[in-house]
Amino acid sequence: MVRWREVKLLYLRELRAALREKMIVTNSIVLPIVLYPFILWAMFTGVMFVQGQTEGFVSRVVIEGLPAAHAALGRQIERDDRFEVRKVSPTRAEAERQIREGDLDALVVFAPAPDDGRALPDNFAVTIVCDGAKERSTGARDRVKGMIAKHREAWLKRESARLGATPADWQAFTIQERNVASGRQMGSFLMSMMLPLFFVVMVAMGCFYPAVDATAGERERNTWETLMSLAASRGSIVAAKYLYVATMGCVAGLLNLVAMALSMKPMLSPLLARAGESFDFSVSPGAALVGVLAALLLAGFVAAGMMIFASFARTFKDGQSMITPFYLIVLMPILLVNGQGVKLTWPLAFLPVANISLMMREALTGSFPWPQMAVTVAVSILLILASLRLATAILRFEDVVIGSYGGSLQKLIRDRLLRRSPGGAEVRA
Amino acid sequence: MSQSTVVVSDLVKVFFDEARGEVRAVDGIGFECHPGEIFGLLGANGAGKTTTLRMLATILQPTSGRASLMGHEVGTEPEDVRRNLGFYSASTALYPRLSARETLEFFARINGYPEDRLAARVAAVVERFGIGEYVQARVEKLSQGMKQKVSIARTVVHDPPVLVFDEPTVGLDVLNAIEMQKVIGEFRDEGKTIIFSTHIMSEAEKLCDRIAIIHRGRIHACGTLASLREATGCHYLEDIFVHYVRRAEAA
């Protein structure tokens, strides 16, 4: 029997003690706030740093056979600080060896165009030799291509004018792109790809240490028997512990969502601005509500599952080993459905954890498929009830309560369900 | 003799052990205890003392037999039993991350002490056990002796009529062990029923009004020290204990 007065007292005791434990505070509160924003920051800072490093390189090139009519191109490259044009021309084989060894970045070989310039006098073909496995060499190639493209544009303009045409006359097909998504839609899309994944990881991590602390931790600290001798019903004890673990998971998930949503704009905007994109990372009230619901459902399920496994453990270490496989199992469905374009379809609405992750993703992009969301909520609630029932059933076995199974679910099944040992009393109340 | 507060009859507990098969840890034990009495369970390690006391505290369910505490059956009214009981053992530690005051308030509340008298009760217990100086400190920061005082205080803070002390002096130094014995004697003088398990003969001899000698899950003798002396012809409790154990082994 569950008495809510007892549950409240036990729950507050668990929570008060947990908030004084460094490991729990770190994993359930500090990490959700700082870890993934920090990872994001580190990742994008790293990308920008590497880009900066690459841009800082001077490309060492050798130019061969530049037609006299295009001498201006050679002068432009020489004047550009990003290039070091080597005057001594090695043989082709020697140049390739130097590129492979990293002593030279690119060899630029000009030759007459295959049509022999009948249509356009002074037309040329160019071969850029580089090492595709070396970033500095491919960077040099791209820079040379850029310079040639720029020179081509100016040359076409000049030649067109001479022939009485415009540059557009030479280009029969033009391609233009236009993104109809607003900045907000682009921001929602990016968030929907990242937040649900981090969210599930964080809810699971938020439940992890409290679940071990509430079960194996009690045994290790010798407070389990103290707890069992309290005038509270077993039902109240299980309910209080479950609520405590679920609260920590839910808090971890929500804190992570808020921290990520708030940190995405300042962290990603500089990078995206360089790519000419504008993103708005605001979250709609509807998506925020779905986020809270998702946190409750996911934490409810993960807490019950972790408590089932941790209830067999006698030490903190045992508990961690027992829970880790479940933690990985929880993460598996979201890895399967995290790809771009996966929607909350009817079949996926029945897949635990993945359905919650997809429901969040849909909401973040402004899509609310209510029937599938209702199925997701129903499936999750059923799963929570089943897990809680199993947890309560397991904790009714006094062998589990007094820690006789020492971390072995297999031993419990063998002794109690298959063999029905005589120590089979159930702990009442 | 006053009315029995604890009644145990034919109590049996069978465990299943992979190596040994069925183990009858407690094999038909029976005794009664009264207010203002210290009832000692004296036995070697593994004799069945802790299992008996755990069944009385409703932590374990008896395989068969009956036990009641203040008229409440352990099998059917476990919460009423626990409300009337203060259980102290080496394996009932305190919550390290709560302060001494938080610990006492929590145990009083969860064990059903009336809320309107709770503050006064906690203050009285703090005063009695001299824990005022460190009442705000977290348990994890306290010395062994301080923890012991807080632990006894939390056992009695809800003012239960029956107290169970399972090997309470194990791991304590001599001074703390003597302090513990003194406190248990005071509880008896206040009219509480005390069940005290030990394997230390001198402790049982010094404290217990009646002693039950338990061996291999059975009580082989039960009575006052004087009656046990008379029955065996031995003076020292150690000799009395050996007398009964040898007789049980021979049987």
# chains A, B, ... in the order shown; residues from 1 in each chain; ligands from 1
>>> select_by_dssp(residues="region 22-229 of chain B", states="alpha helix (DSSP H)", output="ChimeraX atom specification")
/B:49-56,78-83,100-110,115-128,144-156,174-189,201-207,225-229
>>> residues_around(residues="region 231-243 of chain B", least_positions_apart="5", cutoff="7 Å", atoms="only C-alpha atoms", output="JSON, numbers by chain")
{"B": [201, 205, 213]}
>>> interface_residues(of="chain A", to="chain B", cutoff="6 Å", atoms="only C-alpha atoms", output="list of chain:residue names")
A:Ala17, A:Asn222, A:Thr223, A:Glu225, A:Thr226, A:Ala231, A:Gly423
>>> atom_distance(atom1="CA of Ala303 (chain A)", atom2="CA of Phe198 (chain A)")
17.4 Å
>>> residues_around(residues="Ala111 (chain A)", least_positions_apart="6", cutoff="12 Å", atoms="only C-alpha atoms", output="VMD selection string")
chain A and resid 63 to 68 70 117 122 to 128
>>> write_last_selection(atoms="C-alpha atoms", output="mmCIF file, in the first residue's frame")
data_model
loop_
_atom_site.group_PDB
_atom_site.id
_atom_site.type_symbol
_atom_site.label_atom_id
_atom_site.label_comp_id
_atom_site.auth_asym_id
_atom_site.auth_seq_id
_atom_site.Cartn_x
_atom_site.Cartn_y
_atom_site.Cartn_z
ATOM 1 C CA ILE A 63 53.552 27.271 -62.523
ATOM 2 C CA GLU A 64 54.514 25.895 -65.923
ATOM 3 C CA GLY A 65 53.612 26.930 -69.466
ATOM 4 C CA LEU A 66 51.524 29.993 -68.642
ATOM 5 C CA PRO A 67 50.570 31.545 -72.045
ATOM 6 C CA ALA A 68 51.960 35.023 -72.559
ATOM 7 C CA HIS A 70 47.582 35.380 -69.599
ATOM 8 C CA GLY A 117 41.979 27.721 -79.750
ATOM 9 C CA ASP A 122 44.628 32.152 -76.281
ATOM 10 C CA ASN A 123 42.267 29.601 -74.730
ATOM 11 C CA PHE A 124 44.077 27.121 -72.487
ATOM 12 C CA ALA A 125 43.689 23.901 -70.516
ATOM 13 C CA VAL A 126 45.247 23.685 -67.057
ATOM 14 C CA THR A 127 46.247 20.648 -65.015
ATOM 15 C CA ILE A 128 46.645 21.102 -61.258
#
>>> closest_residue(among="A:Lys8, A:Val30, A:Val375, A:Ala181", to="Gly253 (chain A)", atoms="only C-alpha atoms")
A:Val30
>>> atom_distance(atom1="CA of Phe57 (chain A)", atom2="CA of Ser278 (chain A)")
28.8 Å
>>> closest_residue(among="A:Glu55, A:Glu220, A:Asp131, A:Glu21", to="Arg97 (chain A)", atoms="only C-alpha atoms")
A:Asp131
>>> residues_around(residues="Arg219 (chain A)", least_positions_apart="5", cutoff="8 Å", atoms="only C-alpha atoms", output="list in words")
Trp224, Glu225, Arg314, Thr315 and Gly403 of chain A
>>> write_last_selection(atoms="N, CA and C atoms", output="PDB file, in the first residue's frame")
ATOM      1  N   TRP A 224      20.163   0.303   4.241  1.00  0.00           N
ATOM      2  CA  TRP A 224      19.032  -0.449   3.681  1.00  0.00           C
ATOM      3  C   TRP A 224      18.175  -1.039   4.789  1.00  0.00           C
ATOM      4  N   GLU A 225      18.847  -1.656   5.786  1.00  0.00           N
ATOM      5  CA  GLU A 225      18.097  -2.276   6.876  1.00  0.00           C
ATOM      6  C   GLU A 225      17.433  -1.204   7.743  1.00  0.00           C
ATOM      7  N   ARG A 314      24.594  -5.032  -4.589  1.00  0.00           N
ATOM      8  CA  ARG A 314      24.902  -4.800  -3.180  1.00  0.00           C
ATOM      9  C   ARG A 314      25.875  -3.651  -2.967  1.00  0.00           C
ATOM     10  N   THR A 315      26.595  -3.307  -4.035  1.00  0.00           N
ATOM     11  CA  THR A 315      27.535  -2.189  -3.913  1.00  0.00           C
ATOM     12  C   THR A 315      27.297  -1.221  -5.069  1.00  0.00           C
ATOM     13  N   GLY A 403      19.270  -8.383  -0.104  1.00  0.00           N
ATOM     14  CA  GLY A 403      20.480  -8.370  -0.937  1.00  0.00           C
ATOM     15  C   GLY A 403      21.126  -9.721  -1.137  1.00  0.00           C
TER      16      GLY A 403
END
>>> atom_distance(atom1="CA of Ile152 (chain B)", atom2="CA of Val125 (chain B)")
9.7 Å
>>> residues_around(residues="Ala248 (chain B)", least_positions_apart="4", cutoff="10 Å", atoms="only C-alpha atoms", output="PyMOL selection string")
chain B and resi 215-216+218-220+242-244
>>> write_last_selection(atoms="N, CA, C and O atoms", output="compact mmCIF listing (two decimals), in the first residue's frame")
# COMPACT_ATOMS: atom_id res chain seq x y z
N HIS B 215 21.31 -21.69 20.02
CA HIS B 215 22.34 -22.43 19.28
C HIS B 215 21.67 -23.18 18.14
O HIS B 215 20.68 -23.86 18.33
N ARG B 216 22.24 -22.98 16.95
CA ARG B 216 21.69 -23.61 15.74
C ARG B 216 20.18 -23.39 15.59
O ARG B 216 19.42 -24.33 15.33
N ARG B 218 17.90 -22.79 17.76
CA ARG B 218 16.98 -23.21 18.83
C ARG B 218 17.38 -22.60 20.15
O ARG B 218 18.58 -22.43 20.43
N ILE B 219 16.38 -22.35 21.00
CA ILE B 219 16.69 -21.89 22.35
C ILE B 219 16.82 -23.13 23.25
O ILE B 219 15.90 -23.95 23.33
N HIS B 220 17.98 -23.22 23.88
CA HIS B 220 18.25 -24.42 24.69
C HIS B 220 18.05 -24.16 26.18
O HIS B 220 17.96 -25.11 26.96
N VAL B 242 28.58 -22.91 27.49
CA VAL B 242 29.27 -24.10 26.95
C VAL B 242 28.52 -25.37 27.35
O VAL B 242 28.37 -26.29 26.54
N HIS B 243 28.02 -25.38 28.56
CA HIS B 243 27.25 -26.54 29.05
C HIS B 243 26.07 -26.86 28.11
O HIS B 243 25.88 -27.99 27.68
N TYR B 244 25.32 -25.82 27.79
CA TYR B 244 24.13 -26.05 26.97
C TYR B 244 24.48 -26.35 25.51
O TYR B 244 23.82 -27.16 24.87
>>> select_by_dssp(residues="region 11-239 of chain B", states="strand (DSSP E)", output="count of residues only")
62
>>> residues_around(residues="region 282-284 of chain A", least_positions_apart="4", cutoff="12 Å", atoms="only C-alpha atoms", output="NGL selection string")
:A and (183-192 or 195 or 257-258 or 260-265 or 288-291 or 360-368)
>>> write_last_selection(atoms="N, CA, C and O atoms", output="tab-separated table (two decimals), in the first residue's frame")
chain	number	residue	atom	x	y	z
A	183	GLY	N	14.58	31.72	-41.33
A	183	GLY	CA	15.65	31.51	-40.35
A	183	GLY	C	15.16	30.67	-39.19
A	183	GLY	O	15.87	29.82	-38.67
A	184	ARG	N	13.91	30.89	-38.80
A	184	ARG	CA	13.34	30.15	-37.67
A	184	ARG	C	13.20	28.66	-38.02
A	184	ARG	O	13.49	27.78	-37.20
A	185	GLN	N	12.72	28.42	-39.29
A	185	GLN	CA	12.56	27.02	-39.71
A	185	GLN	C	13.92	26.32	-39.78
A	185	GLN	O	14.05	25.16	-39.40
A	186	MET	N	14.92	27.04	-40.27
A	186	MET	CA	16.25	26.45	-40.35
A	186	MET	C	16.80	26.14	-38.95
A	186	MET	O	17.39	25.10	-38.70
A	187	GLY	N	16.54	27.09	-38.02
A	187	GLY	CA	16.99	26.88	-36.64
A	187	GLY	C	16.28	25.69	-36.02
A	187	GLY	O	16.91	24.85	-35.36
A	188	SER	N	14.95	25.58	-36.26
A	188	SER	CA	14.18	24.46	-35.71
A	188	SER	C	14.69	23.14	-36.27
A	188	SER	O	14.79	22.15	-35.56
A	189	PHE	N	15.01	23.16	-37.57
A	189	PHE	CA	15.50	21.93	-38.21
A	189	PHE	C	16.81	21.48	-37.56
A	189	PHE	O	16.97	20.31	-37.19
A	190	LEU	N	17.70	22.44	-37.37
A	190	LEU	CA	19.00	22.10	-36.78
A	190	LEU	C	18.81	21.61	-35.34
A	190	LEU	O	19.42	20.61	-34.93
A	191	MET	N	17.93	22.27	-34.59
A	191	MET	CA	17.69	21.85	-33.21
A	191	MET	C	17.06	20.46	-33.17
A	191	MET	O	17.39	19.65	-32.31
A	192	SER	N	16.15	20.20	-34.12
A	192	SER	CA	15.46	18.90	-34.11
A	192	SER	C	16.42	17.76	-34.40
A	192	SER	O	16.17	16.62	-34.04
A	195	LEU	N	18.88	18.19	-30.53
A	195	LEU	CA	18.36	18.19	-29.17
A	195	LEU	C	17.78	16.84	-28.71
A	195	LEU	O	18.08	16.42	-27.60
A	257	LEU	N	17.86	20.57	-22.20
A	257	LEU	CA	17.11	21.19	-23.30
A	257	LEU	C	17.24	22.71	-23.25
A	257	LEU	O	17.51	23.37	-24.25
A	258	VAL	N	17.03	23.26	-22.04
A	258	VAL	CA	17.08	24.71	-21.89
A	258	VAL	C	18.49	25.23	-22.20
A	258	VAL	O	18.66	26.20	-22.96
A	260	MET	N	20.83	23.85	-23.99
A	260	MET	CA	21.17	23.71	-25.42
A	260	MET	C	20.46	24.79	-26.25
A	260	MET	O	21.05	25.41	-27.13
A	261	ALA	N	19.16	24.95	-25.95
A	261	ALA	CA	18.38	25.92	-26.73
A	261	ALA	C	18.96	27.33	-26.57
A	261	ALA	O	19.03	28.10	-27.52
A	262	LEU	N	19.39	27.63	-25.35
A	262	LEU	CA	19.93	28.97	-25.10
A	262	LEU	C	21.34	29.16	-25.67
A	262	LEU	O	21.71	30.26	-26.05
A	263	SER	N	22.10	28.07	-25.72
A	263	SER	CA	23.50	28.23	-26.12
A	263	SER	C	23.72	28.04	-27.62
A	263	SER	O	24.78	28.38	-28.13
A	264	MET	N	22.73	27.50	-28.32
A	264	MET	CA	22.94	27.23	-29.75
A	264	MET	C	23.16	28.52	-30.55
A	264	MET	O	24.03	28.59	-31.40
A	265	LYS	N	22.35	29.53	-30.23
A	265	LYS	CA	22.46	30.76	-31.03
A	265	LYS	C	23.84	31.42	-30.88
A	265	LYS	O	24.53	31.63	-31.88
A	288	ALA	N	7.89	23.45	-26.36
A	288	ALA	CA	8.38	23.43	-24.98
A	288	ALA	C	7.50	22.50	-24.13
A	288	ALA	O	8.01	21.71	-23.32
A	289	LEU	N	6.19	22.55	-24.35
A	289	LEU	CA	5.28	21.68	-23.60
A	289	LEU	C	5.53	20.21	-23.93
A	289	LEU	O	5.53	19.35	-23.05
A	290	VAL	N	5.73	19.94	-25.22
A	290	VAL	CA	6.03	18.56	-25.62
A	290	VAL	C	7.35	18.12	-25.00
A	290	VAL	O	7.49	16.96	-24.57
A	291	GLY	N	8.30	19.04	-24.88
A	291	GLY	CA	9.58	18.72	-24.25
A	291	GLY	C	9.40	18.30	-22.80
A	291	GLY	O	9.99	17.33	-22.34
A	360	MET	N	9.53	14.65	-29.92
A	360	MET	CA	10.19	15.93	-29.65
A	360	MET	C	10.69	16.58	-30.92
A	360	MET	O	10.59	17.79	-31.11
A	361	ARG	N	11.24	15.74	-31.80
A	361	ARG	CA	11.79	16.28	-33.04
A	361	ARG	C	10.69	16.93	-33.89
A	361	ARG	O	10.86	18.02	-34.42
A	362	GLU	N	9.55	16.22	-33.96
A	362	GLU	CA	8.42	16.76	-34.73
A	362	GLU	C	7.99	18.11	-34.14
A	362	GLU	O	7.76	19.08	-34.87
A	363	ALA	N	7.88	18.14	-32.81
A	363	ALA	CA	7.41	19.37	-32.16
A	363	ALA	C	8.39	20.52	-32.38
A	363	ALA	O	7.97	21.66	-32.59
A	364	LEU	N	9.66	20.22	-32.37
A	364	LEU	CA	10.67	21.28	-32.57
A	364	LEU	C	10.58	21.86	-33.98
A	364	LEU	O	10.88	23.04	-34.19
A	365	THR	N	10.17	21.03	-34.93
A	365	THR	CA	10.06	21.54	-36.31
A	365	THR	C	8.67	22.13	-36.56
A	365	THR	O	8.32	22.46	-37.69
A	366	GLY	N	7.85	22.20	-35.52
A	366	GLY	CA	6.53	22.81	-35.65
A	366	GLY	C	5.46	21.87	-36.16
A	366	GLY	O	4.36	22.28	-36.51
A	367	SER	N	5.78	20.56	-36.19
A	367	SER	CA	4.80	19.57	-36.66
A	367	SER	C	4.25	18.81	-35.46
A	367	SER	O	5.02	18.36	-34.60
A	368	PHE	N	2.93	18.67	-35.38
A	368	PHE	CA	2.32	17.98	-34.25
A	368	PHE	C	1.36	16.90	-34.74
A	368	PHE	O	0.15	17.13	-34.81
>>> residues_around(residues="Ala123 (chain B)", least_positions_apart="4", cutoff="10 Å", atoms="only C-alpha atoms", output="list in words")
Arg101, Leu104, Glu105, Leu118, Ala119, Glu127, Arg128, Ile131, Gly132 and Val157 of chain B
>>> write_last_selection(atoms="N, CA, C and O atoms", output="PDB file, in the first residue's frame")
ATOM      1  N   ARG B 101      20.172  16.670  13.341  1.00  0.00           N
ATOM      2  CA  ARG B 101      18.805  17.133  13.573  1.00  0.00           C
ATOM      3  C   ARG B 101      17.848  16.616  12.491  1.00  0.00           C
ATOM      4  O   ARG B 101      16.756  16.124  12.811  1.00  0.00           O
ATOM      5  N   LEU B 104      17.001  13.001  13.147  1.00  0.00           N
ATOM      6  CA  LEU B 104      16.037  12.766  14.229  1.00  0.00           C
ATOM      7  C   LEU B 104      14.624  13.166  13.798  1.00  0.00           C
ATOM      8  O   LEU B 104      13.653  12.446  14.076  1.00  0.00           O
ATOM      9  N   GLU B 105      14.513  14.295  13.125  1.00  0.00           N
ATOM     10  CA  GLU B 105      13.182  14.749  12.679  1.00  0.00           C
ATOM     11  C   GLU B 105      12.587  13.762  11.671  1.00  0.00           C
ATOM     12  O   GLU B 105      11.397  13.439  11.736  1.00  0.00           O
ATOM     13  N   LEU B 118       6.535  17.090  17.970  1.00  0.00           N
ATOM     14  CA  LEU B 118       7.798  16.603  17.392  1.00  0.00           C
ATOM     15  C   LEU B 118       9.004  17.464  17.789  1.00  0.00           C
ATOM     16  O   LEU B 118      10.050  16.948  18.211  1.00  0.00           O
ATOM     17  N   ALA B 119       8.855  18.789  17.678  1.00  0.00           N
ATOM     18  CA  ALA B 119       9.991  19.675  17.969  1.00  0.00           C
ATOM     19  C   ALA B 119      10.445  19.495  19.414  1.00  0.00           C
ATOM     20  O   ALA B 119      11.659  19.424  19.698  1.00  0.00           O
ATOM     21  N   GLU B 127      18.963  16.852  23.975  1.00  0.00           N
ATOM     22  CA  GLU B 127      19.439  17.202  25.323  1.00  0.00           C
ATOM     23  C   GLU B 127      19.893  15.947  26.077  1.00  0.00           C
ATOM     24  O   GLU B 127      20.981  15.907  26.646  1.00  0.00           O
ATOM     25  N   ARG B 128      19.080  14.923  26.009  1.00  0.00           N
ATOM     26  CA  ARG B 128      19.369  13.714  26.772  1.00  0.00           C
ATOM     27  C   ARG B 128      20.678  13.058  26.347  1.00  0.00           C
ATOM     28  O   ARG B 128      21.443  12.587  27.184  1.00  0.00           O
ATOM     29  N   ILE B 131      23.857  15.753  22.258  1.00  0.00           N
ATOM     30  CA  ILE B 131      24.322  15.917  20.874  1.00  0.00           C
ATOM     31  C   ILE B 131      24.069  17.338  20.351  1.00  0.00           C
ATOM     32  O   ILE B 131      24.164  17.584  19.153  1.00  0.00           O
ATOM     33  N   GLY B 132      23.767  18.252  21.290  1.00  0.00           N
ATOM     34  CA  GLY B 132      23.466  19.632  20.908  1.00  0.00           C
ATOM     35  C   GLY B 132      24.587  20.324  20.158  1.00  0.00           C
ATOM     36  O   GLY B 132      24.344  21.081  19.215  1.00  0.00           O
ATOM     37  N   VAL B 157      13.696   8.060  19.138  1.00  0.00           N
ATOM     38  CA  VAL B 157      13.100   9.391  19.007  1.00  0.00           C
ATOM     39  C   VAL B 157      11.569   9.334  18.874  1.00  0.00           C
ATOM     40  O   VAL B 157      10.868  10.257  19.302  1.00  0.00           O
TER      41      VAL B 157
END
>>> closest_residue(among="A:Tyr36, A:Tyr209, A:Tyr242, A:Phe199", to="Ile384 (chain A)", atoms="only C-alpha atoms")
A:Tyr242
>>> decode(residues="region 68-77 of chain A", atoms="all heavy atoms", output="tab-separated table (two decimals), in the first residue's frame")
chain	number	residue	atom	x	y	z
A	68	ALA	N	51.57	33.62	-72.72
A	68	ALA	CA	51.96	35.02	-72.56
A	68	ALA	C	50.74	35.93	-72.47
A	68	ALA	O	50.73	36.92	-71.73
A	68	ALA	CB	52.84	35.45	-73.75
A	69	ALA	N	49.64	35.53	-73.19
A	69	ALA	CA	48.43	36.35	-73.18
A	69	ALA	C	47.79	36.40	-71.79
A	69	ALA	O	46.97	37.26	-71.50
A	69	ALA	CB	47.43	35.80	-74.19
A	70	HIS	N	48.17	35.44	-70.95
A	70	HIS	CA	47.58	35.38	-69.60
A	70	HIS	C	48.62	35.68	-68.51
A	70	HIS	O	48.48	35.21	-67.38
A	70	HIS	CB	46.95	34.00	-69.37
A	70	HIS	CG	45.81	33.73	-70.29
A	70	HIS	ND1	44.57	34.30	-70.16
A	70	HIS	CD2	45.75	32.98	-71.44
A	70	HIS	CE1	43.77	33.90	-71.14
A	70	HIS	NE2	44.48	33.09	-71.95
A	71	ALA	N	49.62	36.43	-68.87
A	71	ALA	CA	50.69	36.75	-67.92
A	71	ALA	C	50.11	37.46	-66.69
A	71	ALA	O	50.64	37.34	-65.58
A	71	ALA	CB	51.74	37.62	-68.59
A	72	ALA	N	48.99	38.16	-66.89
A	72	ALA	CA	48.36	38.87	-65.76
A	72	ALA	C	47.97	37.90	-64.65
A	72	ALA	O	48.06	38.23	-63.46
A	72	ALA	CB	47.14	39.62	-66.26
A	73	LEU	N	47.54	36.71	-65.06
A	73	LEU	CA	47.16	35.69	-64.07
A	73	LEU	C	48.36	35.33	-63.20
A	73	LEU	O	48.27	35.25	-61.97
A	73	LEU	CB	46.60	34.44	-64.77
A	73	LEU	CG	46.32	33.23	-63.88
A	73	LEU	CD1	45.27	33.55	-62.81
A	73	LEU	CD2	45.85	32.02	-64.70
A	74	GLY	N	49.49	35.12	-63.83
A	74	GLY	CA	50.71	34.81	-63.10
A	74	GLY	C	51.06	35.92	-62.13
A	74	GLY	O	51.43	35.67	-60.98
A	75	ARG	N	50.93	37.17	-62.58
A	75	ARG	CA	51.28	38.30	-61.71
A	75	ARG	C	50.33	38.37	-60.50
A	75	ARG	O	50.74	38.64	-59.38
A	75	ARG	CB	51.21	39.61	-62.52
A	75	ARG	CG	52.41	39.79	-63.47
A	75	ARG	CD	52.49	41.22	-63.97
A	75	ARG	NE	51.34	41.63	-64.75
A	75	ARG	CZ	51.21	41.39	-66.07
A	75	ARG	NH1	52.17	40.76	-66.74
A	75	ARG	NH2	50.16	41.79	-66.74
A	76	GLN	N	49.03	38.09	-60.81
A	76	GLN	CA	48.05	38.11	-59.70
A	76	GLN	C	48.41	37.08	-58.62
A	76	GLN	O	48.34	37.36	-57.43
A	76	GLN	CB	46.65	37.81	-60.23
A	76	GLN	CG	45.96	39.02	-60.83
A	76	GLN	CD	44.68	38.62	-61.58
A	76	GLN	OE1	44.27	37.47	-61.56
A	76	GLN	NE2	44.11	39.59	-62.28
A	77	ILE	N	48.75	35.90	-59.08
A	77	ILE	CA	49.10	34.83	-58.11
A	77	ILE	C	50.35	35.22	-57.33
A	77	ILE	O	50.42	35.05	-56.12
A	77	ILE	CB	49.29	33.48	-58.85
A	77	ILE	CG1	47.94	33.01	-59.43
A	77	ILE	CG2	49.85	32.41	-57.92
A	77	ILE	CD1	48.01	31.76	-60.29
